[in-house]
Amino acid sequence: MSEFVLKLSNIVKTFPGVLANDHVDFALFKGEVHALLGENGAGKTTLMNITYGIYKPDSGDMYIDDEKVDITSPHRAMEYGIGMIQQHFSLVPSFSVSENIALGLNEFKLFPKIDMIKKRVKALSEKFGLDVNPNSRIWQLSAGEQQRVEILKLLYMNSKIMILDEPTAILTPQEAENLFKTIREMLKYGASVIFISHKLKEVLEISDRITVMRHGKVAGTIMKDEADEKMLAKKMVGRDVILRIPKNPAHPQKSKLKIKKLWSKGDEGSYAVQGIDLDVKTGEILGIAGVAGNGQRELAEAIYGLRKYTGEVEIDGSKIQPLDVKKRIKKNVAYIPQDRKSVALCGNLPAYYNLFLKIFRSKKFDFNPYLFKPFSLKKSAEKLVKEYQISTSSVNLSVKYLSGGNMQKIVLARELSVDPELIIAVHPTRGLDVGAMEFVYKTLLDARDKGAAVLLIAGDLEEIFTLSDRVAVIYEGKIMGFSEPDESRLEEIGLMMAGIKKEGVEQK
Ligand SMILES: Nc1ncnc2c1ncn2[C@@H]1O[C@H](COP(=O)(O)OP(=O)(O)OP(=O)(O)O)[C@@H](O)[C@H]1O
Ligand SMILES: [Mg+2]
């Protein structure tokens with residue numbers, strides 16, 4: 001028997017105007033975690049979609065163990081023991097956990113034995129430490145829990161080759177640690193894993209070997225022990241990347257966003273935001289640290305007018321009504337939501353349209369008929385595509401065909417390119433490669449230096465520390481306290497994130 005469980009040889013895949021995979025060779029050894037790294041748009045997801053039978057390669061061969069195989073659909077892939085968690089989840093929100101698992105089964109039946117499935121799901125979740133209630137509906141679950149359902153699906157199907165496409169992008173560091181525990185557990189049971197991530201630390205922690213892709217080609221495969229963050233970053237983007245951006249001291253001026261006694265309900269009907277007071281000044285970045293699911297999303301949505309609330313939101317000293325997004329756009333507020341695909345983008349519309357969706361409502365462009373001319377829009381879009389280094393074959397391409405990171409860049413370009421005065425950014429660098437991340441950090445700091453007020457919500461403390469001038473910690477919908485963005489305050493921040501309050505905290 002050969003040493004590899006999966007081998008891809010000379011894979012070529014083109015889309016109109018793009019060579020997404022350019023003669024790619026890739027081998028997965030039995031029992032290894034093999035990380036796949038590369039810039040946004042490098043071709044990682046495409047290569048894995050080919051492996052999983054979603055796309056057909058233009059040319060190239062695929063082997064499982066020693067056998068040459070022709071994988072023409074995910075169904076066939078599953079028969080060969082290949083399972084994949086997609087970059088954007090594929091669960092049905094209104095179905096329960098067990099129903100979703102039933103849907104994915106190979107021997108799909110019109111009347112699946114849900115009780116039997118439930119039993120097995122329970123046994124598997126205990127064995128692999130994946131705590132989730134089989135009766136819960138998907139929409140009720142946090143991102144971390146949904147991730148566990150996706151993994152349970154793979155385990156249920158006895159997948160031996162597991163493809164995880166950016167599984168940690170939406171996870172908190174603690175959840176990522178749990179995922180790694182599960183991965184190690186799966187290896188014991190004979191699985192081999194392909195792991196895609198932009199987080200270099202994680203890649204160095206979990207993988208045995210690392211393959212870097214660049215512009216559709218393999219730039220090299222390295223043993224983990226021979227790699228470090230700096231060289232991986234360089235190999236990915238072809239230049240040195242500053243992983244820690246230096247920042248000038250902030251000069252906060254007047255109050256821009258004031259929130260008073262804000263209460264807002266989550267989707268399940270209980271209060272996710274419980275009486276928050278905040279004051280964000282022009283020229284500063286206030287970071288909100290916290291474990292995901294403690295009201296961050298609801299807080300951002302309430303401020304931007306997407307969710308009902310009681311209490312007050314003031315911009316520039318004047319009160320603004322709940323649910324009035326138009327007003328906020330007029331006040332030049334930028335919003336980068338947690339979920340780019342369902343909140344910030346229209347997948348079927350071309351990239352250039354998505355880049356200007358909001359401008360029609362803004363102060364500057366209201367009722368300017370010139371802007372409705374597609375030609376001028378496209379020209380401006382092309383400029384933005386260049387500036388934000390969005391990899392797309394054309395501004396006419398529907399955004400649903402862009403790579404995950406490039407979708408995120410479209411949102412960032414639209415929101416940040418119009419000199420916003422107030423920026424509400426939730427996980428702004430989710431899914432971005434290290435080069436793009438550096439660019440976004442610089443853009444946000446630039447906006448701050450030009451006088452914008454920034455409310456940054458992020459799960460990653462490193463991101464909070466890199467960008468923020470002040471840190472507020474949220475726990476169960478309340479602000480537990482404020483701190484400095486400094487490594488030395490890590491313990492204090494960690495305690496507040498766990499709900500342990502600092503003595504004498506001022507709620508300001
Ligand atoms: N169905 C499609 N139609 C047209 N172009 C596509 C399609 N799928 C992918 N592409 C293009 O192929 C290229 C590679 O995309 P891919 O999604 O594989 O990148 P990636 O390495 O996964 O990036 P990311 O890190 O951002 O997820 C991109 O330029 C993308 O726009
Ligand atoms: Mg991808």
# chains A, B, ... in the order shown; residues from 1 in each chain; ligands from 1

$ residues_around --residues "Asn332 in chain A" --least-positions-apart "4" --cutoff "7 Å" --atoms "only C-alpha atoms" --output "NGL selection string"
:A and (328 or 362 or 420-422)

$ write_last_selection --atoms "all heavy atoms" --output "compact mmCIF listing (two decimals), in the first residue's frame"
# COMPACT_ATOMS: atom_id res chain seq x y z
N ARG A 328 -28.79 56.30 9.34
CA ARG A 328 -27.41 56.01 9.72
C ARG A 328 -26.49 56.11 8.50
O ARG A 328 -25.37 56.59 8.58
CB ARG A 328 -27.32 54.64 10.38
CG ARG A 328 -27.85 54.66 11.81
CD ARG A 328 -28.41 53.35 12.21
NE ARG A 328 -28.72 53.24 13.63
CZ ARG A 328 -29.92 53.50 14.18
NH1 ARG A 328 -30.92 53.93 13.42
NH2 ARG A 328 -30.12 53.33 15.48
N SER A 362 -26.45 57.50 0.37
CA SER A 362 -25.57 58.33 1.19
C SER A 362 -25.82 59.81 0.92
O SER A 362 -26.42 60.19 -0.07
CB SER A 362 -24.11 57.98 0.93
OG SER A 362 -23.73 58.52 -0.30
N PRO A 420 -15.82 57.13 6.03
CA PRO A 420 -16.88 57.07 7.04
C PRO A 420 -16.48 57.82 8.30
O PRO A 420 -15.28 57.93 8.62
CB PRO A 420 -17.01 55.57 7.33
CG PRO A 420 -15.70 54.99 6.94
CD PRO A 420 -15.20 55.81 5.80
N GLU A 421 -17.48 58.35 9.01
CA GLU A 421 -17.18 59.09 10.24
C GLU A 421 -17.30 58.19 11.46
O GLU A 421 -16.70 58.44 12.49
CB GLU A 421 -18.16 60.27 10.38
CG GLU A 421 -17.93 61.32 9.30
CD GLU A 421 -19.10 62.27 9.18
OE1 GLU A 421 -19.65 62.67 10.21
OE2 GLU A 421 -19.46 62.60 8.03
N LEU A 422 -18.14 57.17 11.32
CA LEU A 422 -18.27 56.19 12.40
C LEU A 422 -18.23 54.81 11.77
O LEU A 422 -18.92 54.56 10.78
CB LEU A 422 -19.61 56.40 13.13
CG LEU A 422 -20.05 55.32 14.11
CD1 LEU A 422 -19.07 55.17 15.26
CD2 LEU A 422 -21.44 55.63 14.68

$ residues_around --residues "Ala351 in chain A" --least-positions-apart "5" --cutoff "9 Å" --atoms "only C-alpha atoms" --output "PyMOL selection string"
chain A and resi 356+381+392+394-400+402+407+410

$ closest_atom_pairs --of "chain A" --to "ligand 1" --cutoff "9 Å" --atoms "only C-alpha atoms and all ligand atoms" --output "Markdown table"
| residue | atom | partner | partner_atom_place_in_ligand_line | distance |
| --- | --- | --- | --- | --- |
| A:Lys13 | CA | ligand 1 | 12 (O) | 8.6 |
| A:Thr14 | CA | ligand 1 | 12 (O) | 7.6 |
| A:Phe15 | CA | ligand 1 | 4 (C) | 4.9 |
| A:Pro16 | CA | ligand 1 | 4 (C) | 6.3 |
| A:Gly17 | CA | ligand 1 | 5 (N) | 8.0 |
| A:Val18 | CA | ligand 1 | 29 (O) | 6.0 |
| A:Leu19 | CA | ligand 1 | 12 (O) | 7.0 |
| A:Ala20 | CA | ligand 1 | 12 (O) | 4.5 |
| A:Asn21 | CA | ligand 1 | 14 (C) | 7.6 |
| A:Leu36 | CA | ligand 1 | 21 (O) | 9.0 |
| A:Leu37 | CA | ligand 1 | 21 (O) | 7.9 |
| A:Gly38 | CA | ligand 1 | 21 (O) | 6.0 |
| A:Glu39 | CA | ligand 1 | 25 (O) | 5.6 |
| A:Asn40 | CA | ligand 1 | 26 (O) | 3.4 |
| A:Gly41 | CA | ligand 1 | 19 (O) | 3.3 |
| A:Ala42 | CA | ligand 1 | 21 (O) | 3.8 |
| A:Gly43 | CA | ligand 1 | 18 (O) | 3.2 |
| A:Lys44 | CA | ligand 1 | 21 (O) | 3.8 |
| A:Thr45 | CA | ligand 1 | 22 (O) | 3.7 |
| A:Thr46 | CA | ligand 1 | 18 (O) | 3.7 |
| A:Leu47 | CA | ligand 1 | 18 (O) | 6.4 |
| A:Met48 | CA | ligand 1 | 18 (O) | 8.0 |
| A:Asn49 | CA | ligand 1 | 18 (O) | 8.2 |
| A:Tyr55 | CA | ligand 1 | 1 (N) | 8.4 |
| A:Gln87 | CA | ligand 1 | 27 (O) | 7.2 |
| A:Asp165 | CA | ligand 1 | 22 (O) | 8.1 |
| A:Glu166 | CA | ligand 1 | 27 (O) | 7.8 |
| A:Ile196 | CA | ligand 1 | 25 (O) | 8.4 |
| A:Ser197 | CA | ligand 1 | 25 (O) | 7.9 |
| A:His198 | CA | ligand 1 | 25 (O) | 7.3 |
| A:Met213 | CA | ligand 1 | 21 (O) | 7.7 |
| A:Arg214 | CA | ligand 1 | 21 (O) | 8.4 |
| A:His215 | CA | ligand 1 | 14 (C) | 8.2 |
| A:Gly216 | CA | ligand 1 | 14 (C) | 7.1 |
| A:Ile390 | CA | ligand 1 | 29 (O) | 8.8 |
| A:Ser391 | CA | ligand 1 | 29 (O) | 5.4 |
| A:Thr392 | CA | ligand 1 | 31 (O) | 5.0 |
| A:Ser393 | CA | ligand 1 | 29 (O) | 6.4 |
| A:Leu397 | CA | ligand 1 | 4 (C) | 7.4 |
| A:Ser398 | CA | ligand 1 | 4 (C) | 8.4 |
| A:Val399 | CA | ligand 1 | 31 (O) | 8.3 |
| A:Lys400 | CA | ligand 1 | 1 (N) | 7.8 |
| A:Tyr401 | CA | ligand 1 | 2 (C) | 4.4 |
| A:Leu402 | CA | ligand 1 | 31 (O) | 3.8 |
| A:Ser403 | CA | ligand 1 | 17 (O) | 3.6 |
| A:Gly404 | CA | ligand 1 | 27 (O) | 4.1 |
| A:Gly405 | CA | ligand 1 | 26 (O) | 3.3 |
| A:Asn406 | CA | ligand 1 | 26 (O) | 5.3 |
| A:Met407 | CA | ligand 1 | 26 (O) | 7.5 |
| A:Gln408 | CA | ligand 1 | 26 (O) | 8.3 |
| A:Gly431 | CA | ligand 1 | 25 (O) | 6.4 |
| A:Leu432 | CA | ligand 1 | 25 (O) | 6.6 |
| A:Asp433 | CA | ligand 1 | 25 (O) | 6.5 |

$ residues_around --residues "Leu105 in chain A" --least-positions-apart "5" --cutoff "12 Å" --atoms "only C-alpha atoms" --output "list in words"
Pro74, His75, Arg76, Met78, Glu79, Gly83, Ser98, Glu99, Asn100, Leu110, Pro112, Lys113, Ile114, Ile117, Leu152, Lys153, Leu154, Leu155, Tyr156, Met157, Asn158 and Ser159 of chain A

$ write_last_selection --atoms "N, CA, C and O atoms" --output "PDB file, in the first residue's frame"
ATOM      1  N   PRO A  74     -20.394  15.010  -4.900  1.00  0.00           N
ATOM      2  CA  PRO A  74     -20.134  14.820  -3.468  1.00  0.00           C
ATOM      3  C   PRO A  74     -20.609  13.444  -3.011  1.00  0.00           C
ATOM      4  O   PRO A  74     -20.005  12.832  -2.132  1.00  0.00           O
ATOM      5  N   HIS A  75     -21.665  12.966  -3.627  1.00  0.00           N
ATOM      6  CA  HIS A  75     -22.175  11.643  -3.295  1.00  0.00           C
ATOM      7  C   HIS A  75     -21.086  10.573  -3.501  1.00  0.00           C
ATOM      8  O   HIS A  75     -20.835   9.726  -2.646  1.00  0.00           O
ATOM      9  N   ARG A  76     -20.427  10.634  -4.656  1.00  0.00           N
ATOM     10  CA  ARG A  76     -19.318   9.707  -4.937  1.00  0.00           C
ATOM     11  C   ARG A  76     -18.187   9.924  -3.934  1.00  0.00           C
ATOM     12  O   ARG A  76     -17.580   8.975  -3.438  1.00  0.00           O
ATOM     13  N   MET A  78     -18.307  10.939  -0.917  1.00  0.00           N
ATOM     14  CA  MET A  78     -18.654  10.334   0.370  1.00  0.00           C
ATOM     15  C   MET A  78     -18.461   8.829   0.325  1.00  0.00           C
ATOM     16  O   MET A  78     -18.011   8.217   1.291  1.00  0.00           O
ATOM     17  N   GLU A  79     -18.784   8.221  -0.815  1.00  0.00           N
ATOM     18  CA  GLU A  79     -18.588   6.771  -0.936  1.00  0.00           C
ATOM     19  C   GLU A  79     -17.116   6.406  -0.783  1.00  0.00           C
ATOM     20  O   GLU A  79     -16.781   5.327  -0.321  1.00  0.00           O
ATOM     21  N   GLY A  83     -15.103  13.642   3.253  1.00  0.00           N
ATOM     22  CA  GLY A  83     -16.116  14.553   3.783  1.00  0.00           C
ATOM     23  C   GLY A  83     -15.559  15.956   3.772  1.00  0.00           C
ATOM     24  O   GLY A  83     -14.353  16.143   3.898  1.00  0.00           O
ATOM     25  N   SER A  98     -30.445  16.692  14.049  1.00  0.00           N
ATOM     26  CA  SER A  98     -30.530  15.336  13.486  1.00  0.00           C
ATOM     27  C   SER A  98     -31.104  15.351  12.077  1.00  0.00           C
ATOM     28  O   SER A  98     -30.690  14.557  11.233  1.00  0.00           O
ATOM     29  N   GLU A  99     -32.056  16.237  11.830  1.00  0.00           N
ATOM     30  CA  GLU A  99     -32.618  16.309  10.471  1.00  0.00           C
ATOM     31  C   GLU A  99     -31.555  16.721   9.463  1.00  0.00           C
ATOM     32  O   GLU A  99     -31.490  16.207   8.348  1.00  0.00           O
ATOM     33  N   ASN A 100     -30.692  17.647   9.874  1.00  0.00           N
ATOM     34  CA  ASN A 100     -29.618  18.061   8.982  1.00  0.00           C
ATOM     35  C   ASN A 100     -28.663  16.920   8.689  1.00  0.00           C
ATOM     36  O   ASN A 100     -28.165  16.786   7.574  1.00  0.00           O
ATOM     37  N   LEU A 110     -36.881   8.766   2.262  1.00  0.00           N
ATOM     38  CA  LEU A 110     -37.973   9.716   2.385  1.00  0.00           C
ATOM     39  C   LEU A 110     -38.396   9.861   3.842  1.00  0.00           C
ATOM     40  O   LEU A 110     -38.687  10.938   4.329  1.00  0.00           O
ATOM     41  N   PRO A 112     -36.538   9.056   7.015  1.00  0.00           N
ATOM     42  CA  PRO A 112     -35.372   8.555   7.755  1.00  0.00           C
ATOM     43  C   PRO A 112     -35.761   8.264   9.211  1.00  0.00           C
ATOM     44  O   PRO A 112     -36.681   8.876   9.751  1.00  0.00           O
ATOM     45  N   LYS A 113     -35.047   7.301   9.794  1.00  0.00           N
ATOM     46  CA  LYS A 113     -35.364   6.941  11.190  1.00  0.00           C
ATOM     47  C   LYS A 113     -34.670   7.934  12.114  1.00  0.00           C
ATOM     48  O   LYS A 113     -33.559   7.698  12.585  1.00  0.00           O
ATOM     49  N   ILE A 114     -35.361   9.049  12.355  1.00  0.00           N
ATOM     50  CA  ILE A 114     -34.749  10.140  13.101  1.00  0.00           C
ATOM     51  C   ILE A 114     -34.320   9.702  14.504  1.00  0.00           C
ATOM     52  O   ILE A 114     -33.262  10.117  14.994  1.00  0.00           O
ATOM     53  N   ILE A 117     -31.061   8.032  14.317  1.00  0.00           N
ATOM     54  CA  ILE A 117     -30.016   9.021  14.015  1.00  0.00           C
ATOM     55  C   ILE A 117     -29.661   9.799  15.279  1.00  0.00           C
ATOM     56  O   ILE A 117     -28.496   9.974  15.624  1.00  0.00           O
ATOM     57  N   LEU A 152     -20.015  16.553  13.151  1.00  0.00           N
ATOM     58  CA  LEU A 152     -20.789  15.340  13.446  1.00  0.00           C
ATOM     59  C   LEU A 152     -21.282  14.687  12.162  1.00  0.00           C
ATOM     60  O   LEU A 152     -21.317  13.466  12.039  1.00  0.00           O
ATOM     61  N   LYS A 153     -21.645  15.530  11.200  1.00  0.00           N
ATOM     62  CA  LYS A 153     -22.101  15.002   9.910  1.00  0.00           C
ATOM     63  C   LYS A 153     -21.006  14.140   9.275  1.00  0.00           C
ATOM     64  O   LYS A 153     -21.258  13.035   8.795  1.00  0.00           O
ATOM     65  N   LEU A 154     -19.789  14.667   9.310  1.00  0.00           N
ATOM     66  CA  LEU A 154     -18.668  13.917   8.723  1.00  0.00           C
ATOM     67  C   LEU A 154     -18.420  12.617   9.488  1.00  0.00           C
ATOM     68  O   LEU A 154     -18.182  11.564   8.901  1.00  0.00           O
ATOM     69  N   LEU A 155     -18.468  12.716  10.825  1.00  0.00           N
ATOM     70  CA  LEU A 155     -18.210  11.526  11.630  1.00  0.00           C
ATOM     71  C   LEU A 155     -19.308  10.491  11.405  1.00  0.00           C
ATOM     72  O   LEU A 155     -19.049   9.299  11.332  1.00  0.00           O
ATOM     73  N   TYR A 156     -20.532  10.982  11.291  1.00  0.00           N
ATOM     74  CA  TYR A 156     -21.666  10.085  11.088  1.00  0.00           C
ATOM     75  C   TYR A 156     -21.486   9.279   9.816  1.00  0.00           C
ATOM     76  O   TYR A 156     -21.849   8.120   9.727  1.00  0.00           O
ATOM     77  N   MET A 157     -20.892   9.943   8.831  1.00  0.00           N
ATOM     78  CA  MET A 157     -20.722   9.258   7.542  1.00  0.00           C
ATOM     79  C   MET A 157     -19.428   8.465   7.470  1.00  0.00           C
ATOM     80  O   MET A 157     -19.063   7.982   6.406  1.00  0.00           O
ATOM     81  N   ASN A 158     -18.722   8.383   8.620  1.00  0.00           N
ATOM     82  CA  ASN A 158     -17.472   7.638   8.651  1.00  0.00           C
ATOM     83  C   ASN A 158     -16.432   8.164   7.687  1.00  0.00           C
ATOM     84  O   ASN A 158     -15.718   7.377   7.054  1.00  0.00           O
ATOM     85  N   SER A 159     -16.364   9.471   7.540  1.00  0.00           N
ATOM     86  CA  SER A 159     -15.377  10.028   6.613  1.00  0.00           C
ATOM     87  C   SER A 159     -13.981   9.722   7.117  1.00  0.00           C
ATOM     88  O   SER A 159     -13.700   9.836   8.307  1.00  0.00           O
TER      89      SER A 159
END

$ select_by_dssp --residues "range 137-332 of chain A" --states "strand (DSSP E or B)" --output "ChimeraX atom specification"
/A:137,161-165,192-196,209-214,217-223,255-265,271-281,285-289,310-315,318-320

$ residues_around --residues "range 217-233 of chain A" --least-positions-apart "3" --cutoff "9 Å" --atoms "only C-alpha atoms" --output "mmCIF file with N, CA, C and O atoms, in the first residue's frame"
data_model
loop_
_atom_site.group_PDB
_atom_site.id
_atom_site.type_symbol
_atom_site.label_atom_id
_atom_site.label_comp_id
_atom_site.auth_asym_id
_atom_site.auth_seq_id
_atom_site.Cartn_x
_atom_site.Cartn_y
_atom_site.Cartn_z
ATOM 1 N N ALA A 20 -7.757 28.996 -11.947
ATOM 2 C CA ALA A 20 -7.871 28.857 -10.483
ATOM 3 C C ALA A 20 -6.914 27.791 -9.945
ATOM 4 O O ALA A 20 -6.368 27.936 -8.855
ATOM 5 N N ASN A 21 -6.730 26.709 -10.690
ATOM 6 C CA ASN A 21 -5.749 25.679 -10.320
ATOM 7 C C ASN A 21 -4.859 25.413 -11.528
ATOM 8 O O ASN A 21 -5.347 25.049 -12.599
ATOM 9 N N ASP A 22 -3.566 25.610 -11.319
ATOM 10 C CA ASP A 22 -2.632 25.571 -12.437
ATOM 11 C C ASP A 22 -1.668 24.390 -12.242
ATOM 12 O O ASP A 22 -0.642 24.527 -11.583
ATOM 13 N N HIS A 23 -2.030 23.224 -12.756
ATOM 14 C CA HIS A 23 -1.206 22.022 -12.636
ATOM 15 C C HIS A 23 -0.784 21.755 -11.193
ATOM 16 O O HIS A 23 0.395 21.790 -10.854
ATOM 17 N N VAL A 24 -1.783 21.496 -10.360
ATOM 18 C CA VAL A 24 -1.526 21.309 -8.928
ATOM 19 C C VAL A 24 -1.289 19.829 -8.597
ATOM 20 O O VAL A 24 -2.051 18.963 -9.007
ATOM 21 N N ASP A 25 -0.215 19.579 -7.840
ATOM 22 C CA ASP A 25 0.041 18.249 -7.266
ATOM 23 C C ASP A 25 -0.130 18.364 -5.758
ATOM 24 O O ASP A 25 0.352 19.325 -5.154
ATOM 25 N N PHE A 26 -0.797 17.396 -5.178
ATOM 26 C CA PHE A 26 -1.032 17.453 -3.734
ATOM 27 C C PHE A 26 -1.217 16.035 -3.219
ATOM 28 O O PHE A 26 -1.925 15.245 -3.835
ATOM 29 N N LEU A 37 -2.431 26.508 2.703
ATOM 30 C CA LEU A 37 -2.354 27.956 2.943
ATOM 31 C C LEU A 37 -2.303 28.678 1.611
ATOM 32 O O LEU A 37 -1.900 28.111 0.596
ATOM 33 N N GLY A 38 -2.653 29.941 1.634
ATOM 34 C CA GLY A 38 -2.519 30.735 0.416
ATOM 35 C C GLY A 38 -3.359 31.980 0.478
ATOM 36 O O GLY A 38 -4.340 32.043 1.219
ATOM 37 N N ALA A 42 -6.255 32.201 -4.023
ATOM 38 C CA ALA A 42 -5.126 31.400 -4.512
ATOM 39 C C ALA A 42 -5.577 30.085 -5.144
ATOM 40 O O ALA A 42 -4.833 29.459 -5.890
ATOM 41 N N GLY A 43 -6.801 29.643 -4.811
ATOM 42 C CA GLY A 43 -7.314 28.417 -5.424
ATOM 43 C C GLY A 43 -7.502 27.256 -4.463
ATOM 44 O O GLY A 43 -7.722 26.119 -4.880
ATOM 45 N N LEU A 200 -1.894 31.704 10.990
ATOM 46 C CA LEU A 200 -0.638 30.968 10.891
ATOM 47 C C LEU A 200 -0.284 30.232 12.180
ATOM 48 O O LEU A 200 0.267 29.135 12.147
ATOM 49 N N LYS A 201 -0.614 30.849 13.297
ATOM 50 C CA LYS A 201 -0.328 30.197 14.594
ATOM 51 C C LYS A 201 -1.018 28.843 14.676
ATOM 52 O O LYS A 201 -0.436 27.857 15.100
ATOM 53 N N VAL A 203 -2.095 27.006 12.206
ATOM 54 C CA VAL A 203 -1.542 26.092 11.226
ATOM 55 C C VAL A 203 -0.294 25.431 11.810
ATOM 56 O O VAL A 203 -0.097 24.219 11.698
ATOM 57 N N LEU A 204 0.527 26.237 12.486
ATOM 58 C CA LEU A 204 1.747 25.684 13.068
ATOM 59 C C LEU A 204 1.429 24.767 14.244
ATOM 60 O O LEU A 204 2.192 23.866 14.562
ATOM 61 N N GLU A 205 0.310 25.006 14.882
ATOM 62 C CA GLU A 205 -0.024 24.169 16.035
ATOM 63 C C GLU A 205 -0.567 22.797 15.616
ATOM 64 O O GLU A 205 -0.175 21.776 16.162
ATOM 65 N N SER A 207 -0.879 21.283 12.325
ATOM 66 C CA SER A 207 -0.567 20.485 11.139
ATOM 67 C C SER A 207 0.774 19.761 11.220
ATOM 68 O O SER A 207 1.642 20.116 12.020
ATOM 69 N N ASP A 208 0.918 18.732 10.390
ATOM 70 C CA ASP A 208 2.198 18.020 10.271
ATOM 71 C C ASP A 208 2.971 18.566 9.084
ATOM 72 O O ASP A 208 4.177 18.739 9.130
ATOM 73 N N ARG A 209 2.223 18.814 7.986
ATOM 74 C CA ARG A 209 2.869 19.400 6.803
ATOM 75 C C ARG A 209 2.014 20.559 6.312
ATOM 76 O O ARG A 209 0.819 20.626 6.588
ATOM 77 N N ILE A 210 2.655 21.463 5.571
ATOM 78 C CA ILE A 210 1.954 22.654 5.102
ATOM 79 C C ILE A 210 2.229 22.838 3.613
ATOM 80 O O ILE A 210 3.396 22.855 3.197
ATOM 81 N N THR A 211 1.166 22.952 2.827
ATOM 82 C CA THR A 211 1.350 23.281 1.410
ATOM 83 C C THR A 211 0.864 24.701 1.184
ATOM 84 O O THR A 211 -0.221 25.084 1.624
ATOM 85 N N VAL A 212 1.695 25.498 0.528
ATOM 86 C CA VAL A 212 1.324 26.891 0.259
ATOM 87 C C VAL A 212 0.975 27.033 -1.214
ATOM 88 O O VAL A 212 1.730 26.588 -2.089
ATOM 89 N N MET A 213 -0.180 27.650 -1.481
ATOM 90 C CA MET A 213 -0.572 27.905 -2.872
ATOM 91 C C MET A 213 -0.448 29.390 -3.168
ATOM 92 O O MET A 213 -0.645 30.235 -2.304
ATOM 93 N N ARG A 214 -0.097 29.670 -4.410
ATOM 94 C CA ARG A 214 0.011 31.066 -4.824
ATOM 95 C C ARG A 214 -0.420 31.160 -6.276
ATOM 96 O O ARG A 214 0.085 30.418 -7.113
ATOM 97 N N MET A 236 3.388 32.970 1.181
ATOM 98 C CA MET A 236 2.015 33.139 0.714
ATOM 99 C C MET A 236 1.839 34.356 -0.167
ATOM 100 O O MET A 236 1.190 34.302 -1.206
ATOM 101 N N VAL A 237 2.359 35.491 0.284
ATOM 102 C CA VAL A 237 2.055 36.722 -0.440
ATOM 103 C C VAL A 237 3.245 37.248 -1.242
ATOM 104 O O VAL A 237 3.123 38.248 -1.953
ATOM 105 N N GLY A 238 4.397 36.593 -1.118
ATOM 106 C CA GLY A 238 5.525 36.974 -1.945
ATOM 107 C C GLY A 238 6.275 38.209 -1.472
ATOM 108 O O GLY A 238 7.041 38.806 -2.212
ATOM 109 N N ARG A 239 6.016 38.648 -0.258
ATOM 110 C CA ARG A 239 6.748 39.784 0.298
ATOM 111 C C ARG A 239 6.713 39.667 1.815
ATOM 112 O O ARG A 239 5.938 38.879 2.367
ATOM 113 N N ASP A 240 7.531 40.491 2.507
ATOM 114 C CA ASP A 240 7.477 40.481 3.968
ATOM 115 C C ASP A 240 6.182 41.119 4.438
ATOM 116 O O ASP A 240 5.752 42.131 3.893
ATOM 117 N N VAL A 241 5.573 40.519 5.443
ATOM 118 C CA VAL A 241 4.325 41.073 5.981
ATOM 119 C C VAL A 241 4.588 41.506 7.412
ATOM 120 O O VAL A 241 5.234 40.794 8.172
ATOM 121 N N ILE A 242 4.094 42.710 7.757
ATOM 122 C CA ILE A 242 4.235 43.142 9.147
ATOM 123 C C ILE A 242 3.054 42.568 9.902
ATOM 124 O O ILE A 242 1.905 42.942 9.660
ATOM 125 N N LEU A 243 3.350 41.618 10.786
ATOM 126 C CA LEU A 243 2.238 40.938 11.455
ATOM 127 C C LEU A 243 1.698 41.783 12.611
ATOM 128 O O LEU A 243 0.587 41.614 13.041
ATOM 129 N N ASP A 433 -6.407 36.910 4.153
ATOM 130 C CA ASP A 433 -5.032 36.423 4.271
ATOM 131 C C ASP A 433 -4.187 37.472 4.990
ATOM 132 O O ASP A 433 -4.614 38.620 5.165
ATOM 133 N N VAL A 434 -2.979 37.085 5.391
ATOM 134 C CA VAL A 434 -2.185 37.992 6.237
ATOM 135 C C VAL A 434 -1.865 39.319 5.547
ATOM 136 O O VAL A 434 -1.809 40.363 6.196
ATOM 137 N N GLY A 435 -1.695 39.284 4.240
ATOM 138 C CA GLY A 435 -1.399 40.518 3.508
ATOM 139 C C GLY A 435 -2.598 41.456 3.539
ATOM 140 O O GLY A 435 -2.462 42.660 3.810
#

$ atom_distance --atom1 "CA of Trp263 in chain A" --atom2 "CA of Ile276 in chain A"
7.0 Å

$ closest_residue --among "A:Val411, A:Ala169, A:Met497, A:Ala436" --to "ligand 2" --atoms "only C-alpha atoms and all ligand atoms"
A:Ala169

$ residues_around --residues "Gly129 in chain A" --least-positions-apart "2" --cutoff "10 Å" --atoms "only C-alpha atoms" --output "ChimeraX atom specification"
/A:123-127,131-132,148,178-179,181-182,185

$ select_by_dssp --residues "range 229-404 of chain A" --states "alpha helix (DSSP H)" --output "VMD selection string"
chain A and resid 229 to 237 296 to 304 325 to 330 351 to 356 374 to 387 404

$ residues_around --residues "Ile183 in chain A" --least-positions-apart "5" --cutoff "12 Å" --atoms "only C-alpha atoms" --output "PyMOL selection string"
chain A and resi 31-34+128-130+148+151-152+154-155+160-164+167+176-178+188-195+205-207

$ residues_around --residues "Ser73 in chain A" --least-positions-apart "5" --cutoff "8 Å" --atoms "only C-alpha atoms" --output "JSON, numbers by chain"
{"A": [52, 53, 54, 55]}
